[in-house]
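J.: Could you have a look at this structure, given as structure tokens, before my questions?
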Amino acid sequence: MMKGLKKWRLFSLLAVMMVFLSGCGEDYLSTLKPSGEVGKQQLNLLLLTTVIMTLVVVIVSVIYLLAFLKFRRSRVGENVIPKQVEGSHTLEVIWTVIPIILLLIIAVPVVTTTYKFADVAAMDEVDEEGNKTALTINVTAKLYWWEFEYPNQGIITAQELVVPTGEKVYFNLKAADVKHSFWIPAVGGKMDTNVENLNKFYLVFDKESKDLKDGVFYGKCAELCGPSHALMDFKVKALSPDAFDAWVDAMKATEGQTADKASTDLGEATFANSCLGCHAISGSGAGGTPGPNLTTFGDRNRVAGFLEHNEENLEAWIKNPEEFKPGNLMMNAEGTAPIYGNLSDEEIKALATYIMGLSVEK
Amino acid sequence: MDFNTKFTPHTWPDHPEQATMEGKNKVVGFWIFLACEVVLFASLFATYLALKNKGPAGMEFTTQGLFELPLAFAMTMLLLTSSLTSVYAIYHMRNFNFKGMQTWLAITLALGLGFLALEIYEFQHYVHLGFTFNQSAFATAFYSLVGTHGFHVTLGLVWIATLMIRNAKRGLNLYNAPKFFVAALYWHFIDVVWVFIFTVVYLMGVIG
Amino acid sequence: MSSYTQKKGFGATVWDYITTVDHKKLAVMYLLAGTLFFAIAGFEALLMRIQLMKPNNDFVSAGFFNELLTMHGTTMLFLAATPLLFAFMNMLVPLQIGARDVAFPFLNSLGFWLFFLGAVFLHLSFFMGGAPDAGWTSYASLSLYSPGHGIDFYVLGLQISGAGTLISGLNFIVTIITMRAPGMTFMRMPLFTWTALVSSALILFAFPPLTIGLLMMLFDRMFGGNFFDHTMGGNTVIWEHLFWIFGHPEVYILVLPAFGLFSEIIPTFSRKRLFGYSSMVFATILIGFLGFMVWAHHMFTVGLGPTANAIFAVATMAIAVPTGMKVFNWILTIWGGSIKVTTPMLYALGFIPSFVAGGVTGVMQASAPLDYQLHDSYFIVAHFHYVIVGGIVTALFGSAHFYWPIFFNRMLNETLGKWTFWVFFIGFHLTFFVQHFLGLMGMPRRVFTYMEGQGWDQFNYISTIGALMMGVGVIMMVINCLMSIKGKPAGRDPWGDGRTLEWAIPQPIPFYNFRQTPLVRGLDPYWIEKQEGNKEGMTYAEPIGDIHMPNNSAIPFVISLGMFIAAFGALYNPDADKPWSIYILIGGLAITFGAMIVRSIKDDHGFHLHKEEILEIEEQLYGKGGNK
């Protein structure tokens with residue numbers, strides 16, 4: 001009877017916690033509403049530790065309040081000299097052993113999950129033909145944008161990560177300039193991008209992102225990296241495996257796509273003159289361009305990672321990137337003008353239309 | 001016992017460095033300071049080990065190619081001997097033999113100077129080879145570790161020399177006895193650090 | 001010799017404070033300097049909170065926000081919390097162990113001036129081309145990339161003030177080891193003295209790695225070194241390790257003395273000896289020891305590998321055990337006691353649940369896989385503010401009320417004190433409780449702004465309101481302190497329940513502290529004497545005799561000033577257009593070394609205060625009949 005009651009209590013406590021937590025945050029951003037195996041296990045750990053720790057806080061508070069209420073001087077008398085107790089070995093043992101037991105209960109899943117999350121052996125597995133079986137994405141963090149290279153598919157994109165659902169996606173993480181940290185809160189915990197070594201980990205995306213508010217998960221930079229650290233967002237599009245394959249094919253098909261200086265389209269000509277030196281518009285090939293790859297710009301969700309996706313914002317951005325993302329590398333060394341020079345309003349308008357038109361999905 | 005008391009070898013206490021409250025504090029404090037120096041050097045050693053042989057792509061310098069054991073061995077011998085001579089100096093200090101102490105301290109200084117000269121020669125030699133401070137992470141870590149030790153040696157030399165000159169005419173008393181004692185402690189510490197440098201940087205660099 | 005108690009002119013007073021080696025005056029100086037920097041850093045925090053009050057705010061710019069967050073953290077930890085705790089250590093440790101001063105009064109003064117001028121140097125950066133902006137952690141890749149001289153100010157300023165902290169720490173250790181009065185065995189020392197000892201030991205072992213880290217940063221930024229330049233074979237993770245080998249113990253350096261202060265307040269106002277004294281001592285030492293074994297829990301996401309993460313996770317959790325012991329011992333001290341809810345006790349009572357809440361979130365973050373989500377989010381911001389504000393700042397405020405009569409022979413106003421507590425305490429929980437959820441909802445820390453539509457607006461607004469309340473609380477506290485100037489002398493043992501030696505000394509405390517060295521007959525010596533009806537408050541270990549005291553000296557100030565000047569030279573030295581900087585560097589170092597040479601060549605034997613002079617001073621302080 002007692003045992004059942006205790007179980008029921010614990011369960012109801014858990015249930016209350018769940019309700020409380022599920023009311024928190026947005027499903028495209030919150031760690032409390034995870035859409036992937038990694039994030040879910042982390043949430044489970046969070047719940048386990050929260051329950052145990054709440055228990056501790058409650059017990060401590062109750063004893064403490066009792067002590068406080070029972071032994072106030074106004075109750076025990078002004079001139080009472082309390083018994084000067086030295087201590088108690090029994091009590092000391094009790095409050096040493098019980099916390100140790102509680103910590104052991106936490107430590108077991110902590111250690112096992114630590115090893116589990118670090119298991120990236122599958123990255124090197126190959127099929128009979130020698131092709132890698134797992135999807136690997138090379139993430140390069142730069143001031144203040146993200147490059148995503150798919151080495152096995154030979155394609156590259158930026159700012160908007162595209163992944164298939166239902167499989168482990170492996171990441172090679174690296175920073176090109178200063179240290180950043182790669183974090184998709186709603187899918188799983190973060191990992192730093194260091195400048196001197198590759199970090200590897202995996203995430204699983206359970207849910208397609210098209211039903212989310214913006215149709216994407218939000219990604220964040222979680223390590224202070226300069227003035228625009230707060231604006232170094234990226235987005236994640238999780239597609240069904242079929243849709244993902246189609247996207248990969250569409251990306252491959254852009255091989256050799258480029259802008260022509262002699263084009264009659266003012267936007268394309270301006271792009272070829274002023275932008276092509278840093279920004280590629282072919283999704284095929286390797287990374288390493290100074291600026292983000294723009295092949296899929298029209299399909300994206302944000303301008304510069306955080307501004308609403310429309311032509312006005314894009315024009316304003318091209319006109320003066322420094323105003324939006326201080327410290328970004330589109331400005332010259334003195335920070336006075338963009339490295340591509342000051343373009344005329346007409347050119348910028350055409351350019352914005354041209355860039356908005358770059359798409360593989362439409 | 002007071003600072004100004006005049007002593008003879010008979011009335012001189014067995015442990016003059018700890019005969020006064022100030023002296024006792026000084027000795028305890030100095031041991032604690034040395035504990036802190038140990039951590040300081042440990043940090044430098046750890047960094048050196050992490051950056052050993054690391055440099056820009058295609059760097060030609062390695063510990064094997066660079067270091068020469070005979071020179072490092074000579075430096076070790078000089079410093080070890082100087083540690084021994086400083087023990088003699090403290091022995092005479094405890095026996096209230098001021099002249100004896102000064103003489104042995106002078107020998108300690110000479111040996112220390114010899115060590116420093118060899119170290120300067122060594123650094124100069126490396127710089128001529130192109131192994132400058134800015135050449136690689138390895139170089140920066142090497143010069144920082146060994147250079148910090150060299151800086152400590154220099155400080156020790158200046159310190160002991162100042163003490164000798166300062167007290168040349170006054171002789172020993174309970175005010176300066178702890179000073180000589182802790183200076184000697186410091187010198188031993190420098191010597192111990194060098195033993196580690198010799199092992200970790202030179203021996204393990206060339207052989208290991 | 002009546003000059004000891006005569007009124008002095010302003011200039012003479014300033015000179016007296018610059019040259020003083022008296023631990024009580026230095027304690028007051030630490031208190032003032034610490035409060036100044038606490039106010040500055042608190043103001044910086046308010047500016048940041050106002051910026052984050054609503055989404056897409058433009059109250060401060062992105063670059064300035066980074067300067068604010070860096071200076072807020074750096075100042076609060078190095079230049080506010082540390083000196084404020086040093087104020088209490090300086091004032092109380094010699095009094096609690098029955099000593100006339102610290103072991104090295106000269107070094108005590110040197111430690112203060114190095115800290116203070118280093119701190120001033122760091123703050124001048126605001127007016128000289130921009131403050132450091134890479135976070136208080138100053139991670140190497142960003143701090144090397146950071147333009148301007150901000151990071152150089154950070155490196156040099158912390159190097160100087162860190163040297164001061166190290167010297168003071170060493171001084172406390174020797175004081176506690178060698179200067180205890182007869183009968184004051186280690187296991188009879190008040191718990192605050194114990195925590196001061198352990199915390200000083202942590203300083204001793206934790207600051208050298210920081211010194212080396214800063215030195216490397218200095219080499220890299222100013223002399224073209226390659227420690228952290230990966231293209232030259234360097235490695236930025238070395239900085240992270242060195243910083244956190246220092247940085248984690250630093251947390252315990254601050255929190256242990258805070259525990260110590262509460263371990264004095266709680267027994268006093270429970271009228272009951274500290275429950276489980278020996279296990280409290282053991283727990284203090286254990287926390288100090290474990291504090292060095294866990295630094296990599298700040299680096300779970302750096303990619304050290306699962307084995308390192310697992311080991312450090314479990315080691316970190318282990319710290320919860322001794323900390324829990326302490327909490328239960330405090331509660332059991334209250335249990336069966338006679339609790340008087342004074343302002344200091346109110347802070348102590350508020351501290352227990354707040355600190356426990358901060359502690360348990362620490363265990364959550366120790367769970368490495370969970371920390372991958374929590375790390376560098378607002379959750380960690382909430383966690384460490386719960387520990388630092390809930391643990392350390394409440395300790396500082398509470399002890400300010402508690403020990404004000406020891407410092408100044410005046411009481412703080414109790415009514416205003418209780419109001420202050422409630423305003424500050426409610427503001428504190430309002431500010432930081434919601435930040436846990438902001439972190440869980442995906443908000444990274446150190447962001448200067450955030451966009452709408454991420455579900456963070458409301459909690460950020462609440463948090464800012466709370467921060468403003470905390471600001472009001474601090475202002476009320478300062479008003480209370482200023483009001484006490486006009487207060488009446490408090491006299492000996494104004495709380496009526498003092499237990500330890502510092503309460504047994506008649507007020508105002510003469511500069512030599514104890515006319516006769518006391519004989520300590522057990523834990524809580526003053527309590528024992530009071531229970532036995534001893535009006536004198538002390539049993540003496542010696543008859544009245546001559547007292548040997550150290551001389552005042554301006555040399556510590558000059559040494560520190562030389563370093564301060566040299567730092568400017570070093571700062572501008574790499575600039576090609578400032579060739580004069582090298583002369584400033586050399587000049588500054590010459591002042592420092594010159595002062596050191598003067599110090600070692602001029603014998604300083606101190607002076608003796610004779611029996612007649614002592615009696616005369618006491619008659620002036622306490623009226624005819626002396627110490628009554």
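To be explicit about the labels: the chains of the structure tokens are called A, B, and onward in the order shown, and within each one the residues are counted from 1, while ligands get numbers from 1 in the order they are shown.
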For region 185-195 of chain B, find every residue with an atom within 6 Å (counting only C-alpha atoms), except residues of its own chain fewer than 3 positions away, and show them as a list in words.

T.: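 My reading of the contact set: Ser83, Val182 and Phe198 of chain B.
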
J.: Taking the backbone alone, and naming residues the way the document does, which bits of region 25-208 of chain A are strand (DSSP E or B) by DSSP, as a PyMOL selection string?

T.: chain A and resi 72+126+132+135-142+145-150+155-158+160-164+168-175+180-184+188-193+199-204

J.: If you count only C-alpha atoms, which residues fall within 7 Å of region 273-281 of chain A, apart from same-chain ones fewer than 5 positions away, as a PDB file with C-alpha atoms, in the first residue's frame?

T.:
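What ended up in selection.pdb:
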```
ATOM      1  CA  GLN A 257      26.266  27.738 -62.495  1.00  0.00           C
ATOM      2  CA  THR A 258      27.745  31.208 -62.538  1.00  0.00           C
ATOM      3  CA  LYS A 261      29.312  40.024 -66.459  1.00  0.00           C
ATOM      4  CA  THR A 289      34.821  30.747 -50.282  1.00  0.00           C
ATOM      5  CA  PRO A 290      35.214  33.984 -48.308  1.00  0.00           C
ATOM      6  CA  GLY A 291      31.450  34.551 -48.235  1.00  0.00           C
ATOM      7  CA  PRO A 292      28.459  32.239 -47.862  1.00  0.00           C
ATOM      8  CA  ASN A 293      27.381  30.176 -50.834  1.00  0.00           C
ATOM      9  CA  LEU A 294      24.217  31.744 -52.236  1.00  0.00           C
ATOM     10  CA  THR A 295      22.903  28.950 -54.473  1.00  0.00           C
ATOM     11  CA  TYR A 340      32.574  45.656 -53.094  1.00  0.00           C
TER      12      TYR A 340
END
```

J.: Using 6 Å as the limit and counting only C-alpha atoms, can you tabulate each residue of chain C that touches chain B, with its shortest atom-to-atom distance in Å and the two atoms involved, as CSV?

T.:
```
residue,atom,partner,partner_atom,distance
C:Val174,CA,B:Gly29,CA,5.7
C:Leu204,CA,B:Cys36,CA,5.6
C:Phe205,CA,B:Cys36,CA,5.8
C:Pro208,CA,B:Leu40,CA,4.8
C:Pro209,CA,B:Ser43,CA,5.7
C:Gly224,CA,B:Asn134,CA,5.8
C:Gly225,CA,B:Asn134,CA,5.3
C:Asn226,CA,B:Ala137,CA,4.6
C:Phe227,CA,B:Ala137,CA,5.3
C:Thr231,CA,B:Pro56,CA,5.8
C:Met232,CA,B:Pro56,CA,4.2
C:Gly233,CA,B:Gly55,CA,3.9
C:Gly234,CA,B:Ala137,CA,5.0
```

J.: Could you work out how far CA of Phe228 (chain C) lies from CA of Glu240 (chain C), giving the answer in Å with one decimal?

T.: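 Straight-line distance from CA of Glu240 (chain C) to CA of Phe228 (chain C) works out to 10.4 Å.
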
J.: With region 66-78 of chain C as the partner and 12 Å as the cut-off, tabulate the residues of region 250-359 of chain C that qualify, each row holding the nearest pair of atoms and their distance in Å to one decimal, using only C-alpha atoms, sorted by chain and rising number, as JSON lines.

T.:
```
{"residue": "C:Glu250", "atom": "CA", "partner": "C:Leu77", "partner_atom": "CA", "distance": 8.3}
{"residue": "C:Val251", "atom": "CA", "partner": "C:Leu77", "partner_atom": "CA", "distance": 8.5}
{"residue": "C:Tyr252", "atom": "CA", "partner": "C:Leu77", "partner_atom": "CA", "distance": 11.4}
{"residue": "C:Ile253", "atom": "CA", "partner": "C:Leu77", "partner_atom": "CA", "distance": 10.1}
{"residue": "C:Leu254", "atom": "CA", "partner": "C:Leu77", "partner_atom": "CA", "distance": 8.2}
{"residue": "C:Val255", "atom": "CA", "partner": "C:Leu77", "partner_atom": "CA", "distance": 11.0}
```

J.: Find the residues of chain C that sit at most 6 Å from chain A; for each, write down the nearest two atoms and how far apart they are in Å, to one decimal. Count only C-alpha atoms. Sort by chain, then by number going up, and give it as CSV.

T.:
```
residue,atom,partner,partner_atom,distance
C:Ala62,CA,A:Pro227,CA,5.0
C:Gly63,CA,A:Pro227,CA,4.9
C:Ser141,CA,A:Val178,CA,4.9
C:Leu142,CA,A:Val178,CA,5.3
C:His230,CA,A:Glu196,CA,5.7
C:Lys272,CA,A:Gln84,CA,5.4
C:Arg273,CA,A:Gln84,CA,5.5
C:Phe275,CA,A:Gly87,CA,5.0
C:Gly276,CA,A:Gly87,CA,4.1
C:Thr301,CA,A:Met191,CA,4.8
C:Val302,CA,A:Asp192,CA,5.3
C:Gly303,CA,A:Asn199,CA,6.0
C:Pro306,CA,A:Tyr115,CA,5.3
C:Ala310,CA,A:Val111,CA,5.4
C:Ile331,CA,A:Tyr64,CA,5.8
C:Trp335,CA,A:Ala67,CA,5.0
C:Gly337,CA,A:Pro82,CA,5.4
C:Ser338,CA,A:Arg73,CA,4.7
C:Ile339,CA,A:Arg72,CA,4.4
C:Lys340,CA,A:Arg73,CA,5.5
C:Val360,CA,A:Met53,CA,5.7
C:Met364,CA,A:Thr49,CA,6.0
C:Ser367,CA,A:Val110,CA,5.6
C:Pro369,CA,A:Thr114,CA,5.5
C:Leu370,CA,A:Gln42,CA,5.1
C:Tyr372,CA,A:Gly189,CA,4.3
C:Gln373,CA,A:Gly189,CA,4.1
C:Asp376,CA,A:Ala222,CA,5.9
C:Leu440,CA,A:Thr31,CA,5.4
C:Met441,CA,A:Ser30,CA,4.0
C:Gly442,CA,A:Ser30,CA,5.1
C:Pro444,CA,A:Ala222,CA,5.5
C:Val447,CA,A:Ala230,CA,4.4
C:Phe448,CA,A:Ala230,CA,6.0
C:Gly455,CA,A:Gly25,CA,5.8
```

J.: Kindly give the distance, in Å, that separates CA of Phe43 (chain C) and CA of Met89 (chain C), rounded to a single decimal.

T.: 26.1 Å

J.: So which residues of region 179-347 of chain A fall under helix (DSSP H, G or I) by DSSP, listed as a count of residues only?

T.: 49

J.: Just the residues within 12 Å of Thr270 (chain A), please, counting only C-alpha atoms, with nothing from its chain fewer than 3 positions along; format it as a VMD selection string.

T.: chain A and resid 259 to 267 273 to 277 340 to 355
